[in-house]
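Comments concern the structure below.
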Amino acid sequence: MSFDAAENGSASDAADLFAWLARESRELAPSSVPRVPSPPSALAFSRDYVARNLPVVVEGAIAHWPASRGWSPEHMASRAGESALISVNVTPNGLGDALLATDGVEVVRADPDDDAGDDETDDAPAPAPPVVFAQPEERSMTFRAFLAELNRTRALPADDPSYCVPYVSRQCGSLREEFPALAAECVDLEWATEAFGAAPDAVNLWCGDERARTTFHRDHYENIYCVINGSKTFELVPPCQGIAMMRAVTAPAATFEGAAVVLESPARSVRWWADPVANPGLVDGSKAKESIEPLTVTVRAGEALYLPAMWFHAVTQRGAFGDAETGEYVPATAVNFWYDMHFGDRFAWSAFAEEARRRWGGERVGGG
Ligand SMILES: O=C(O)CCC(=O)C(=O)O
């Protein structure tokens with residue numbers, strides 16, 4: 001990668017230091033996500049990607065797994081168990097963990113007495129917050145029931161009263177906890193475990209369709225994301241570019257209940273990023289162009305993406321029609337490995353830049 005300081009100019013000449021930071025970060029990142037044709041050695045992976053905090057797609061990453069030719073819906077349902085309950089995230093709009101403008105949305109207060117700052121002598125209900133951080137409803141069902149619900153709702157118009165978007169997207173170790181028989185088919189990725197120096201902290205299963213979008217956020221984990229069925233498309237923004245240009249909003253936490261949202265009680269605030277697709281109205285138009293130019297990469301079945309810690313990412317997926325035996329719809333399915341990141345100098349700089357942006361970079365609080 002070449003570095004030409006003249007392109008962005010010197011930081012000391014920049015009128016807007018945050019815009020300078022965003023451009024600098026973007027210029028120093030690759031212009032596309034590279035691919036390697038087979039799993040690298042742990043040393044090459046560490047040196048070329050982990051140490052440089054750069055993403056890469058590894059082709060043939062799961063060739064040694066029984067799952068390498070995909071998992072049919074029937075295989076997943078029978079291995080998940082006919083009576084074992086799994087957790088399914090359900091939303092009316094495909095957006096779990098996302099900012100939601102409440103205009104036209106029913107906002108329910110779990111307990112009106114808990115309203116922060118409520119005047120006890122004033123019975124008028126507090127106005128609904130203009131924006132909430134909406135989390136999915138968690139429903140328990142068998143994997144087979146999830147598949148039936150996915151297929152049923154795919155066929156409905158979005159304004160049908162029973163329309164919803166189910167997505168198997170529980171985190172914090174869902175594969176091993178909820179799908180132990182499928183977990184046994186996902187063999188450790190030695191090159192990654194050796195490079196990160198420890199076994200993964202959590203292994204998660206993701207299964208859903210193109211109606212769901214995971215909105216921009218970042219994780220303090222090194223992530224190896226392996227696609228088993230269909231494809232997943234990642235929009236990636238380098239850490240400093242995201243901190244400098246993406247708009248964060250602090251909003252009260254709420255949970256979907258059908259199409260309504262129920263505010264958490266006691267109240268809790270969450271700081272989250274305005275997503276250009278999910279929340280175009282919240283993205284600052286003057287900065288949108290720079291903040292909305294992510295690196296986009298599609299990861300296909302059999303491939304793995306190394307998604308470095310602290311990179312902002314938004315994720316969508318496509319399933320496949322035509323399961324070999326039944327011809328039915330096969331939802332996009334993936335397994336990801338979260339490894340603890342190293343909290344070093346890079347983390348400290350990032351926390352500093354984020355707080356500087358919050359204090360001096362024009363970030364507004366409350367979503368107004
Ligand atoms: O697959 C998805 O929908 C989201 C994945 C993700 O955000 C992650 O692995 O950190």
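Labels used: A, B, ... for chains in the order of the structure tokens, numbers from 1 for residues in each chain, and numbers from 1 for ligands as shown.
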### Protein and nucleic residues near ligand 1, 10 Å, only C-alpha atoms and all ligand atoms, as a VMD selection string
chain A and resid 95 to 96 167 to 171 203 to 209 212 to 227 232 to 234 305 307 to 317 332 to 338
Same residues, C-alpha atoms, output as a tab-separated table (two decimals), in the first residue's frame:
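New file out.tsv:
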```
chain	number	residue	atom	x	y	z
A	95	LEU	CA	-33.85	-4.80	11.99
A	96	GLY	CA	-32.87	-6.24	15.36
A	167	TYR	CA	-33.71	-14.53	12.39
A	168	VAL	CA	-31.60	-17.04	14.31
A	169	SER	CA	-29.05	-14.52	15.54
A	170	ARG	CA	-28.60	-15.01	19.26
A	171	GLN	CA	-24.97	-14.40	20.20
A	203	VAL	CA	-19.19	-19.57	18.45
A	204	ASN	CA	-22.53	-18.44	17.04
A	205	LEU	CA	-25.02	-19.71	14.46
A	206	TRP	CA	-26.76	-17.24	12.10
A	207	CYS	CA	-29.68	-18.36	9.95
A	208	GLY	CA	-32.12	-16.14	8.10
A	209	ASP	CA	-33.13	-14.55	4.83
A	212	ALA	CA	-32.98	-9.14	7.83
A	213	ARG	CA	-30.19	-6.59	8.04
A	214	THR	CA	-27.69	-6.29	10.87
A	215	THR	CA	-27.09	-2.54	11.16
A	216	PHE	CA	-23.70	-0.85	11.45
A	217	HIS	CA	-21.90	-1.56	14.70
A	218	ARG	CA	-18.52	-2.89	15.75
A	219	ASP	CA	-17.35	-5.55	18.17
A	220	HIS	CA	-14.39	-5.85	20.45
A	221	TYR	CA	-13.72	-9.30	19.06
A	222	GLU	CA	-11.61	-10.73	16.28
A	223	ASN	CA	-14.18	-12.45	14.06
A	224	ILE	CA	-13.84	-15.39	11.67
A	225	TYR	CA	-17.18	-15.58	9.88
A	226	CYS	CA	-17.77	-18.83	7.94
A	227	VAL	CA	-20.64	-19.11	5.45
A	232	LYS	CA	-23.49	-12.92	3.29
A	233	THR	CA	-22.65	-9.39	2.20
A	234	PHE	CA	-20.61	-7.25	4.57
A	305	LEU	CA	-14.20	-13.57	6.27
A	307	LEU	CA	-13.43	-9.30	10.18
A	308	PRO	CA	-10.87	-7.51	12.34
A	309	ALA	CA	-11.83	-6.23	15.77
A	310	MET	CA	-13.30	-2.71	15.89
A	311	TRP	CA	-14.18	-2.47	12.17
A	312	PHE	CA	-17.71	-1.17	11.71
A	313	HIS	CA	-19.89	-3.59	9.78
A	314	ALA	CA	-23.43	-4.00	8.46
A	315	VAL	CA	-24.55	-7.41	7.18
A	316	THR	CA	-27.20	-8.75	4.81
A	317	GLN	CA	-27.68	-12.22	3.31
A	332	ALA	CA	-28.43	-18.21	4.53
A	333	THR	CA	-26.52	-20.03	7.26
A	334	ALA	CA	-23.23	-19.11	8.89
A	335	VAL	CA	-21.11	-19.92	11.90
A	336	ASN	CA	-18.79	-17.33	13.36
A	337	PHE	CA	-15.93	-17.57	15.82
A	338	TRP	CA	-15.29	-14.65	18.15
```
### Task
List every residue of region 54-302 of chain A that DSSP, applied to the backbone, labels as alpha helix (DSSP H), and write the result as a ChimeraX atom specification.
/A:73-80,143-154,174-178,180-183,190-196,239-245,285-291
#### Entry: Distance criterion (only C-alpha atoms): nearest to Leu147 (chain A) out of A:Glu328, A:Asp16, A:Asp275, A:Glu106
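For Leu147 (chain A), the nearest of the candidates is A:Glu328.
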### Pairwise distance for CA of Tyr306 (chain A) and CA of Ser25 (chain A), rounded to one decimal in Å
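Between these atoms lies a distance of 18.9 Å.
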### Query
Which value, in Å to one decimal, gives the distance between CA of Glu293 (chain A) and CA of Ser31 (chain A)?
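We find that CA of Glu293 (chain A) and CA of Ser31 (chain A) lie 10.7 Å from each other.
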Distance query region 180-192 of chain A at most 10 Å, only C-alpha atoms, self and fewer than 4 positions along chain excluded, as a CSV table (one decimal) with all heavy atoms, in the first residue's frame:
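Writing done, so here's around_39.csv:
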```csv
chain,number,residue,atom,x,y,z
A,39,PRO,N,-6.7,-21.6,3.2
A,39,PRO,CA,-6.3,-21.1,4.5
A,39,PRO,C,-4.8,-20.8,4.6
A,39,PRO,O,-4.0,-21.6,4.2
A,39,PRO,CB,-6.7,-22.2,5.5
A,39,PRO,CG,-7.8,-22.9,4.7
A,39,PRO,CD,-7.4,-22.9,3.3
A,40,PRO,N,-4.5,-19.6,5.1
A,40,PRO,CA,-3.1,-19.2,5.2
A,40,PRO,C,-2.4,-20.0,6.4
A,40,PRO,O,-3.2,-20.5,7.3
A,40,PRO,CB,-3.1,-17.7,5.5
A,40,PRO,CG,-4.4,-17.5,6.2
A,40,PRO,CD,-5.4,-18.6,5.6
A,41,SER,N,-1.1,-19.9,6.5
A,41,SER,CA,-0.5,-20.4,7.8
A,41,SER,C,-0.9,-19.4,8.9
A,41,SER,O,-1.2,-18.3,8.6
A,41,SER,CB,1.0,-20.5,7.6
A,41,SER,OG,1.5,-19.2,7.5
A,42,ALA,N,-0.7,-19.9,10.1
A,42,ALA,CA,-1.0,-19.0,11.3
A,42,ALA,C,-0.1,-17.8,11.2
A,42,ALA,O,-0.5,-16.6,11.5
A,42,ALA,CB,-0.9,-19.7,12.6
A,43,LEU,N,1.2,-18.0,10.8
A,43,LEU,CA,2.2,-16.9,10.8
A,43,LEU,C,1.8,-15.9,9.7
A,43,LEU,O,1.8,-14.7,10.0
A,43,LEU,CB,3.6,-17.5,10.5
A,43,LEU,CG,4.7,-16.5,10.3
A,43,LEU,CD1,4.9,-15.7,11.6
A,43,LEU,CD2,6.0,-17.1,9.8
A,44,ALA,N,1.5,-16.4,8.5
A,44,ALA,CA,1.1,-15.4,7.4
A,44,ALA,C,-0.2,-14.7,7.8
A,44,ALA,O,-0.3,-13.5,7.5
A,44,ALA,CB,0.9,-16.2,6.1
A,45,PHE,N,-1.1,-15.4,8.3
A,45,PHE,CA,-2.4,-14.7,8.7
A,45,PHE,C,-2.1,-13.6,9.8
A,45,PHE,O,-2.6,-12.5,9.7
A,45,PHE,CB,-3.3,-15.8,9.3
A,45,PHE,CG,-4.6,-15.3,9.8
A,45,PHE,CD1,-5.5,-14.5,9.0
A,45,PHE,CD2,-5.1,-15.6,11.1
A,45,PHE,CE1,-6.7,-14.0,9.4
A,45,PHE,CE2,-6.3,-15.1,11.5
A,45,PHE,CZ,-7.1,-14.3,10.7
A,46,SER,N,-1.3,-14.0,10.8
A,46,SER,CA,-1.0,-13.0,11.8
A,46,SER,C,-0.3,-11.8,11.3
A,46,SER,O,-0.6,-10.6,11.6
A,46,SER,CB,0.0,-13.6,12.8
A,46,SER,OG,-0.5,-14.3,13.8
A,50,VAL,N,-3.9,-9.9,10.8
A,50,VAL,CA,-4.2,-9.6,12.2
A,50,VAL,C,-3.4,-8.4,12.7
A,50,VAL,O,-3.9,-7.4,13.2
A,50,VAL,CB,-4.0,-10.8,13.1
A,50,VAL,CG1,-4.4,-10.5,14.5
A,50,VAL,CG2,-4.8,-12.0,12.6
A,61,ALA,N,-12.2,-22.3,3.3
A,61,ALA,CA,-11.8,-22.2,4.7
A,61,ALA,C,-12.4,-23.4,5.5
A,61,ALA,O,-11.9,-23.8,6.5
A,61,ALA,CB,-12.3,-20.9,5.3
A,62,ILE,N,-13.6,-23.9,5.0
A,62,ILE,CA,-14.2,-25.0,5.8
A,62,ILE,C,-14.3,-26.3,5.0
A,62,ILE,O,-15.1,-27.2,5.2
A,62,ILE,CB,-15.6,-24.6,6.2
A,62,ILE,CG1,-16.5,-24.2,5.0
A,62,ILE,CG2,-15.6,-23.4,7.2
A,62,ILE,CD1,-18.0,-24.1,5.4
A,64,HIS,N,-12.6,-28.8,5.3
A,64,HIS,CA,-12.4,-30.0,6.2
A,64,HIS,C,-13.6,-30.2,7.1
A,64,HIS,O,-13.5,-31.1,7.9
A,64,HIS,CB,-11.1,-29.8,7.0
A,64,HIS,CG,-11.1,-28.6,7.9
A,64,HIS,ND1,-11.3,-27.3,7.4
A,64,HIS,CD2,-10.9,-28.5,9.2
A,64,HIS,CE1,-11.2,-26.5,8.4
A,64,HIS,NE2,-11.0,-27.1,9.5
A,65,TRP,N,-14.6,-29.5,6.9
A,65,TRP,CA,-15.8,-29.7,7.8
A,65,TRP,C,-16.8,-30.6,7.0
A,65,TRP,O,-17.0,-30.5,5.8
A,65,TRP,CB,-16.6,-28.4,8.0
A,65,TRP,CG,-15.9,-27.4,8.9
A,65,TRP,CD1,-14.7,-27.4,9.4
A,65,TRP,CD2,-16.5,-26.2,9.3
A,65,TRP,NE1,-14.4,-26.3,10.1
A,65,TRP,CE2,-15.5,-25.5,10.1
A,65,TRP,CE3,-17.8,-25.6,9.2
A,65,TRP,CZ2,-15.8,-24.3,10.8
A,65,TRP,CZ3,-18.0,-24.4,9.8
A,65,TRP,CH2,-17.0,-23.7,10.6
A,66,PRO,N,-17.5,-31.4,7.8
A,66,PRO,CA,-18.6,-32.2,7.2
A,66,PRO,C,-19.7,-31.2,6.6
A,66,PRO,O,-20.4,-31.6,5.7
A,66,PRO,CB,-19.3,-32.9,8.4
A,66,PRO,CG,-18.3,-33.0,9.5
A,66,PRO,CD,-17.4,-31.8,9.3
A,67,ALA,N,-19.7,-30.0,7.1
A,67,ALA,CA,-20.7,-29.0,6.6
A,67,ALA,C,-20.2,-28.3,5.3
A,67,ALA,O,-20.8,-27.4,4.8
A,67,ALA,CB,-20.9,-27.9,7.6
A,68,SER,N,-19.0,-28.8,4.8
A,68,SER,CA,-18.4,-28.0,3.7
A,68,SER,C,-19.3,-28.0,2.4
A,68,SER,O,-19.2,-27.1,1.6
A,68,SER,CB,-17.1,-28.6,3.3
A,68,SER,OG,-17.3,-29.9,2.8
A,71,TRP,N,-25.6,-27.3,4.6
A,71,TRP,CA,-26.5,-28.0,5.5
A,71,TRP,C,-27.9,-27.9,4.9
A,71,TRP,O,-28.3,-26.8,4.7
A,71,TRP,CB,-26.5,-27.4,6.9
A,71,TRP,CG,-25.4,-27.8,7.8
A,71,TRP,CD1,-24.7,-28.9,7.8
A,71,TRP,CD2,-24.9,-27.0,8.9
A,71,TRP,NE1,-23.7,-29.0,8.9
A,71,TRP,CE2,-23.8,-27.8,9.6
A,71,TRP,CE3,-25.2,-25.8,9.4
A,71,TRP,CZ2,-23.1,-27.3,10.7
A,71,TRP,CZ3,-24.5,-25.3,10.6
A,71,TRP,CH2,-23.5,-26.1,11.2
A,75,HIS,N,-31.4,-31.5,7.5
A,75,HIS,CA,-30.3,-31.9,8.3
A,75,HIS,C,-30.2,-31.0,9.5
A,75,HIS,O,-30.1,-31.5,10.7
A,75,HIS,CB,-29.0,-31.7,7.5
A,75,HIS,CG,-27.8,-32.1,8.2
A,75,HIS,ND1,-27.4,-33.4,8.5
A,75,HIS,CD2,-26.8,-31.3,8.8
A,75,HIS,CE1,-26.3,-33.4,9.2
A,75,HIS,NE2,-25.9,-32.1,9.4
A,76,MET,N,-30.4,-29.6,9.3
A,76,MET,CA,-30.3,-28.7,10.5
A,76,MET,C,-31.4,-29.0,11.5
A,76,MET,O,-31.2,-29.0,12.7
A,76,MET,CB,-30.4,-27.3,10.0
A,76,MET,CG,-29.1,-26.8,9.3
A,76,MET,SD,-29.0,-25.0,9.1
A,76,MET,CE,-29.9,-24.9,7.6
A,77,ALA,N,-32.7,-29.2,10.9
A,77,ALA,CA,-33.8,-29.4,11.8
A,77,ALA,C,-33.6,-30.7,12.6
A,77,ALA,O,-33.9,-30.8,13.8
A,77,ALA,CB,-35.1,-29.5,11.0
A,78,SER,N,-33.2,-31.8,12.0
A,78,SER,CA,-33.1,-33.0,12.7
A,78,SER,C,-31.9,-33.0,13.7
A,78,SER,O,-32.0,-33.5,14.8
A,78,SER,CB,-33.0,-34.3,11.8
A,78,SER,OG,-31.9,-34.1,11.0
A,79,ARG,N,-30.8,-32.4,13.3
A,79,ARG,CA,-29.6,-32.3,14.2
A,79,ARG,C,-29.9,-31.3,15.4
A,79,ARG,O,-29.4,-31.5,16.5
A,79,ARG,CB,-28.4,-31.8,13.5
A,79,ARG,CG,-27.9,-32.8,12.4
A,79,ARG,CD,-27.4,-34.1,12.9
A,79,ARG,NE,-25.9,-34.0,13.2
A,79,ARG,CZ,-25.3,-34.9,13.8
A,79,ARG,NH1,-25.9,-36.0,14.3
A,79,ARG,NH2,-24.0,-34.7,14.1
A,80,ALA,N,-30.8,-30.3,15.1
A,80,ALA,CA,-31.1,-29.4,16.2
A,80,ALA,C,-32.0,-30.1,17.2
A,80,ALA,O,-32.0,-29.7,18.4
A,80,ALA,CB,-31.8,-28.2,15.7
A,81,GLY,N,-32.8,-31.1,16.8
A,81,GLY,CA,-33.6,-31.8,17.7
A,81,GLY,C,-35.1,-31.5,17.5
A,81,GLY,O,-35.4,-30.3,17.3
A,174,SER,N,-24.2,-19.2,20.8
A,174,SER,CA,-25.4,-20.0,20.5
A,174,SER,C,-25.2,-21.3,19.9
A,174,SER,O,-26.0,-22.3,20.1
A,174,SER,CB,-26.3,-19.1,19.6
A,174,SER,OG,-25.7,-19.0,18.3
A,175,LEU,N,-24.1,-21.5,19.1
A,175,LEU,CA,-24.0,-22.7,18.4
A,175,LEU,C,-23.8,-23.9,19.4
A,175,LEU,O,-24.5,-24.9,19.3
A,175,LEU,CB,-22.8,-22.7,17.4
A,175,LEU,CG,-22.6,-24.0,16.6
A,175,LEU,CD1,-23.7,-24.1,15.5
A,175,LEU,CD2,-21.2,-24.0,15.9
A,176,ARG,N,-22.9,-23.7,20.3
A,176,ARG,CA,-22.6,-24.8,21.2
A,176,ARG,C,-23.7,-25.0,22.2
A,176,ARG,O,-24.0,-26.1,22.6
A,176,ARG,CB,-21.2,-24.6,21.9
A,176,ARG,CG,-20.1,-24.8,20.9
A,176,ARG,CD,-18.8,-24.3,21.5
A,176,ARG,NE,-17.7,-24.4,20.5
A,176,ARG,CZ,-16.5,-23.9,20.7
A,176,ARG,NH1,-16.2,-23.2,21.7
A,176,ARG,NH2,-15.6,-24.1,19.7
A,196,PHE,N,-4.5,-16.3,17.0
A,196,PHE,CA,-5.0,-15.5,18.1
A,196,PHE,C,-4.5,-16.0,19.5
A,196,PHE,O,-4.7,-15.3,20.5
A,196,PHE,CB,-6.5,-15.5,18.1
A,196,PHE,CG,-7.1,-14.8,16.9
A,196,PHE,CD1,-8.0,-15.5,16.0
A,196,PHE,CD2,-6.7,-13.5,16.5
A,196,PHE,CE1,-8.5,-14.9,14.9
A,196,PHE,CE2,-7.2,-12.9,15.4
A,196,PHE,CZ,-8.1,-13.6,14.5
A,197,GLY,N,-3.9,-17.2,19.5
A,197,GLY,CA,-3.3,-17.7,20.7
A,197,GLY,C,-4.2,-18.2,21.8
A,197,GLY,O,-3.8,-18.5,22.9
A,198,ALA,N,-5.5,-18.5,21.4
A,198,ALA,CA,-6.4,-19.0,22.4
A,198,ALA,C,-7.6,-19.5,21.6
A,198,ALA,O,-7.9,-19.1,20.5
A,198,ALA,CB,-6.9,-18.0,23.4
A,199,ALA,N,-8.4,-20.4,22.2
A,199,ALA,CA,-9.6,-20.9,21.6
A,199,ALA,C,-10.6,-19.8,21.5
A,199,ALA,O,-10.5,-18.8,22.3
A,199,ALA,CB,-10.2,-22.1,22.4
A,200,PRO,N,-11.6,-19.9,20.6
A,200,PRO,CA,-12.6,-18.8,20.5
A,200,PRO,C,-13.4,-18.7,21.8
A,200,PRO,O,-13.7,-19.6,22.5
A,200,PRO,CB,-13.5,-19.3,19.4
A,200,PRO,CG,-13.1,-20.7,19.0
A,200,PRO,CD,-11.8,-21.0,19.6
A,203,VAL,N,-18.9,-19.1,19.8
A,203,VAL,CA,-19.2,-19.6,18.5
A,203,VAL,C,-20.7,-19.5,18.3
A,203,VAL,O,-21.5,-20.0,19.1
A,203,VAL,CB,-18.7,-21.0,18.2
A,203,VAL,CG1,-18.8,-21.4,16.8
A,203,VAL,CG2,-17.3,-21.2,18.7
A,204,ASN,N,-21.1,-18.7,17.2
A,204,ASN,CA,-22.5,-18.4,17.0
A,204,ASN,C,-23.1,-19.0,15.7
A,204,ASN,O,-22.3,-19.0,14.7
A,204,ASN,CB,-22.7,-16.9,17.1
A,204,ASN,CG,-22.1,-16.3,18.3
A,204,ASN,OD1,-22.4,-16.7,19.4
A,204,ASN,ND2,-21.3,-15.3,18.1
A,205,LEU,N,-24.3,-19.3,15.7
A,205,LEU,CA,-25.0,-19.7,14.5
A,205,LEU,C,-25.9,-18.6,14.0
A,205,LEU,O,-26.6,-18.0,14.8
A,205,LEU,CB,-25.9,-21.0,14.7
A,205,LEU,CG,-26.6,-21.5,13.5
A,205,LEU,CD1,-25.7,-22.3,12.6
A,205,LEU,CD2,-27.8,-22.3,13.8
A,222,GLU,N,-12.1,-10.3,17.6
A,222,GLU,CA,-11.6,-10.7,16.3
A,222,GLU,C,-12.6,-11.8,15.8
A,222,GLU,O,-13.0,-12.6,16.5
A,222,GLU,CB,-10.2,-11.4,16.4
A,222,GLU,CG,-9.2,-10.5,17.0
A,222,GLU,CD,-8.6,-9.5,16.1
A,222,GLU,OE1,-9.2,-9.2,15.0
A,222,GLU,OE2,-7.6,-8.8,16.5
A,223,ASN,N,-13.0,-11.7,14.5
A,223,ASN,CA,-14.2,-12.5,14.1
A,223,ASN,C,-13.8,-13.3,12.8
A,223,ASN,O,-13.3,-12.7,11.8
A,223,ASN,CB,-15.3,-11.5,13.7
A,223,ASN,CG,-16.7,-12.1,13.5
A,223,ASN,OD1,-16.7,-13.3,13.3
A,223,ASN,ND2,-17.7,-11.3,13.4
A,224,ILE,N,-14.0,-14.6,12.9
A,224,ILE,CA,-13.8,-15.4,11.7
A,224,ILE,C,-15.2,-15.9,11.3
A,224,ILE,O,-15.9,-16.7,12.1
A,224,ILE,CB,-12.9,-16.6,11.9
A,224,ILE,CG1,-11.5,-16.2,12.4
A,224,ILE,CG2,-12.8,-17.4,10.6
A,224,ILE,CD1,-10.6,-15.5,11.4
A,226,CYS,N,-17.8,-17.8,8.9
A,226,CYS,CA,-17.8,-18.8,7.9
A,226,CYS,C,-19.2,-19.0,7.4
A,226,CYS,O,-20.1,-19.2,8.1
A,226,CYS,CB,-17.4,-20.2,8.6
A,226,CYS,SG,-15.8,-20.1,9.4
A,306,TYR,N,-12.3,-12.9,7.5
A,306,TYR,CA,-11.7,-12.4,8.8
A,306,TYR,C,-12.1,-10.9,8.9
A,306,TYR,O,-11.7,-10.1,8.1
A,306,TYR,CB,-10.1,-12.4,8.7
A,306,TYR,CG,-9.5,-11.6,9.8
A,306,TYR,CD1,-9.8,-11.7,11.1
A,306,TYR,CD2,-8.5,-10.7,9.5
A,306,TYR,CE1,-9.3,-10.9,12.1
A,306,TYR,CE2,-7.9,-9.9,10.5
A,306,TYR,CZ,-8.3,-10.0,11.8
A,306,TYR,OH,-7.7,-9.2,12.8
A,335,VAL,N,-21.6,-19.7,10.6
A,335,VAL,CA,-21.1,-19.9,11.9
A,335,VAL,C,-19.9,-19.0,12.1
A,335,VAL,O,-19.1,-18.9,11.2
A,335,VAL,CB,-20.6,-21.4,12.0
A,335,VAL,CG1,-19.7,-21.6,13.3
A,335,VAL,CG2,-21.8,-22.3,12.1
A,337,PHE,N,-16.8,-17.3,14.7
A,337,PHE,CA,-15.9,-17.6,15.8
A,337,PHE,C,-15.5,-16.2,16.3
A,337,PHE,O,-14.8,-15.5,15.6
A,337,PHE,CB,-14.7,-18.4,15.4
A,337,PHE,CG,-15.1,-19.8,14.9
A,337,PHE,CD1,-15.5,-20.0,13.6
A,337,PHE,CD2,-14.9,-20.9,15.8
A,337,PHE,CE1,-15.8,-21.3,13.2
A,337,PHE,CE2,-15.2,-22.2,15.3
A,337,PHE,CZ,-15.7,-22.4,14.0
A,339,TYR,N,-13.0,-14.4,18.7
A,339,TYR,CA,-11.8,-14.5,19.6
A,339,TYR,C,-11.6,-13.2,20.3
A,339,TYR,O,-11.8,-12.1,19.8
A,339,TYR,CB,-10.6,-14.8,18.7
A,339,TYR,CG,-10.6,-16.1,18.0
A,339,TYR,CD1,-11.2,-16.2,16.7
A,339,TYR,CD2,-9.9,-17.2,18.5
A,339,TYR,CE1,-11.2,-17.4,16.1
A,339,TYR,CE2,-9.9,-18.4,17.8
A,339,TYR,CZ,-10.6,-18.5,16.6
A,339,TYR,OH,-10.5,-19.7,15.9
```
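You will find CA of Glu210 (chain A) at 18.2 Å from CA of Leu236 (chain A).
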### Message
Can you tell me, as a PyMOL selection string, which residues in region 199-334 of chain A count as strand (DSSP E or B) by DSSP?
### Response
chain A and resi 202-208+214-217+221-229+231-237+248-257+260-263+269-273+295-300+304-307+312-318+320-321+329-330+332-334
### Task
Find the residues near region 343-355 of chain A: any atom within 9 Å, counting only C-alpha atoms, skip ones fewer than 6 places away on the same chain, and give them as a VMD selection string.
chain A and resid 18 220 239 to 240 243 to 244 310
